[in-house]
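**Q** Okay, handing you the structure first.
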Amino acid sequence: MIATAKLRSRTKTAARTAVKALRYRCISGIVAVLVEGGQLIRTGDHLDRVGGGDLPDGMKSWYGRHVAKAYRKAHGGDPVRVWARHRTTGKYVHVYVYAPADPALLAGLRSYKATRHLADRALYSEAA
């Protein structure tokens with residue numbers, strides 16, 4: 001009983017003194033590792049791959065919402081979420097991640113008016 005209390009106390013102290021990036025990394029666990037390894041991608045990374053990296057953050061956010069909606073329609077549930085650092089503000093936010101060849105990414109490109117012009121590029125880049 002006493003040993004368990006000491007272990008919990010040490011764990012809490014270590015968690016309080018860890019840097020923010022390490023805390024969020026621990027919370028995200030294996031999903032963060034898969035994102036860094038390229039097995040899972042964020043919608044912003046997908047837009048960068050197909051040439052939409054110059055879109056404003058607001059449009060990227062709406063594109064992500066369209067992709068999440070297409071994913072829910074196809075799979076019946078939410079995609080996997082991970083804590084990630086925001087590209088411009090540096091704050092940690094929850095974002096959905098997808099397999100690089102997930103059909104929801106292309107469906108999101110087609111359904112959102114601001115990214116429809118990128119859908120053909122995405123098909124070409126997947127074929128190459």
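Here's how to read the names in the structure tokens: chain A, B, ... by the order shown, residue numbers from 1 in each chain, ligand numbers from 1 in the order shown.
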Step one, run DSSP on the backbone; step two, keep only residues of chain A assigned to strand (DSSP E); then write them as a PyMOL selection string.

**A** chain A and resi 41-42+80-85+92-98

**Q** Create the file for the chosen residues now, containing N, CA and C atoms and written as a CSV table (one decimal), in the first residue's frame.

**A**
chain,number,residue,atom,x,y,z
A,41,ILE,N,-1.7,10.0,-41.8
A,41,ILE,CA,-1.4,11.4,-42.2
A,41,ILE,C,-2.5,12.3,-41.7
A,42,ARG,N,-2.2,13.5,-41.5
A,42,ARG,CA,-3.2,14.5,-41.2
A,42,ARG,C,-3.7,15.1,-42.5
A,80,VAL,N,-9.3,8.1,-36.2
A,80,VAL,CA,-8.4,8.1,-35.1
A,80,VAL,C,-8.0,9.5,-34.8
A,81,ARG,N,-7.9,9.9,-33.6
A,81,ARG,CA,-7.5,11.2,-33.2
A,81,ARG,C,-6.1,11.2,-32.5
A,82,VAL,N,-5.4,12.3,-32.7
A,82,VAL,CA,-4.0,12.4,-32.1
A,82,VAL,C,-3.8,13.9,-31.7
A,83,TRP,N,-3.1,14.1,-30.6
A,83,TRP,CA,-2.7,15.4,-30.3
A,83,TRP,C,-1.5,15.8,-31.2
A,84,ALA,N,-1.6,17.0,-31.8
A,84,ALA,CA,-0.6,17.4,-32.7
A,84,ALA,C,-0.4,18.9,-32.5
A,85,ARG,N,0.8,19.4,-32.8
A,85,ARG,CA,1.1,20.8,-32.7
A,85,ARG,C,0.5,21.5,-33.9
A,92,TYR,N,-1.2,22.8,-29.0
A,92,TYR,CA,-1.5,21.4,-29.3
A,92,TYR,C,-3.1,21.3,-29.4
A,93,VAL,N,-3.5,20.6,-30.5
A,93,VAL,CA,-4.9,20.4,-30.8
A,93,VAL,C,-5.1,19.0,-31.2
A,94,HIS,N,-6.4,18.6,-31.0
A,94,HIS,CA,-6.8,17.2,-31.5
A,94,HIS,C,-7.1,17.3,-32.9
A,95,VAL,N,-6.4,16.4,-33.7
A,95,VAL,CA,-6.7,16.3,-35.1
A,95,VAL,C,-7.0,14.8,-35.5
A,96,TYR,N,-7.7,14.6,-36.5
A,96,TYR,CA,-8.0,13.3,-37.0
A,96,TYR,C,-6.9,12.9,-38.0
A,97,VAL,N,-6.5,11.6,-38.0
A,97,VAL,CA,-5.5,11.1,-38.9
A,97,VAL,C,-6.1,9.9,-39.7
A,98,TYR,N,-5.6,9.7,-40.9
A,98,TYR,CA,-6.1,8.8,-41.8
A,98,TYR,C,-5.0,8.0,-42.5

**Q** Considering only C-alpha atoms, return as a ChimeraX atom specification whatever protein or nucleic-acid residues lie within 10 Å of Asp120 in chain A, sequence-local ones (same chain, fewer than 5 positions apart) excluded.

**A** /A:50,106,109-110,125

**Q** Please produce an output containing N, CA, C and O atoms for each residue in the selection, written as a PDB file, in the first residue's frame.

**A**
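Generated output (result35.pdb):
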ATOM      1  N   VAL A  50      -0.806  17.150 -52.386  1.00  0.00           N
ATOM      2  CA  VAL A  50      -1.518  17.340 -53.660  1.00  0.00           C
ATOM      3  C   VAL A  50      -1.458  18.777 -54.158  1.00  0.00           C
ATOM      4  O   VAL A  50      -2.099  19.111 -55.146  1.00  0.00           O
ATOM      5  N   LEU A 106      -9.930  11.723 -50.696  1.00  0.00           N
ATOM      6  CA  LEU A 106     -10.344  12.134 -52.039  1.00  0.00           C
ATOM      7  C   LEU A 106     -11.789  12.624 -52.031  1.00  0.00           C
ATOM      8  O   LEU A 106     -12.115  13.614 -52.691  1.00  0.00           O
ATOM      9  N   LEU A 109     -11.821  16.119 -50.839  1.00  0.00           N
ATOM     10  CA  LEU A 109     -11.375  17.049 -51.883  1.00  0.00           C
ATOM     11  C   LEU A 109     -12.511  17.366 -52.845  1.00  0.00           C
ATOM     12  O   LEU A 109     -12.698  18.507 -53.253  1.00  0.00           O
ATOM     13  N   ARG A 110     -13.262  16.359 -53.200  1.00  0.00           N
ATOM     14  CA  ARG A 110     -14.351  16.554 -54.170  1.00  0.00           C
ATOM     15  C   ARG A 110     -15.541  17.288 -53.569  1.00  0.00           C
ATOM     16  O   ARG A 110     -16.211  18.047 -54.263  1.00  0.00           O
ATOM     17  N   SER A 125      -1.389  11.713 -58.411  1.00  0.00           N
ATOM     18  CA  SER A 125      -0.294  11.438 -57.484  1.00  0.00           C
ATOM     19  C   SER A 125      -0.430  10.035 -56.882  1.00  0.00           C
ATOM     20  O   SER A 125       0.558   9.385 -56.587  1.00  0.00           O
TER      21      SER A 125
END

**Q** Considering only helix (DSSP H, G or I) as DSSP defines it on the backbone, what residues of chain A qualify? List them as a ChimeraX atom specification.

**A** /A:2-17,20-28,30-37,43-50,57-75,103-111,113-127

**Q** CA of Val31 in chain A and CA of Ser9 in chain A, how far apart in Å?

**A** 27.4 Å

**Q** Taking only C-alpha atoms into account, which of A:Arg16, A:Arg23, A:His46, A:Lys6 comes nearest Tyr63 in chain A?

**A**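 Ranked by minimum distance to Tyr63 in chain A, first place goes to A:His46.
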
**Q** How far is it from CA of Pro100 in chain A to CA of Met59 in chain A, in Å with one decimal?

**A**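 Answer for the CA of Pro100 in chain A to CA of Met59 in chain A separation: 20.1 Å.
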
**Q** I'd like the contact shell of Ala107 in chain A - 9 Å cut-off, only C-alpha atoms, skipping same-chain residues fewer than 2 positions apart - returned as a list in words.

**A**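 So, after excluding close chain neighbours, the residues are His66, Val67, Ala70, Tyr71, Pro103, Ala104, Leu105, Leu109, Arg110, Ser111, Tyr112 and Ala119 of chain A.
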
**Q** Just how far from CA of Pro56 in chain A is CA of Lys113 in chain A, in Å to one decimal?

**A**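 Between these atoms lies a distance of 14.0 Å.
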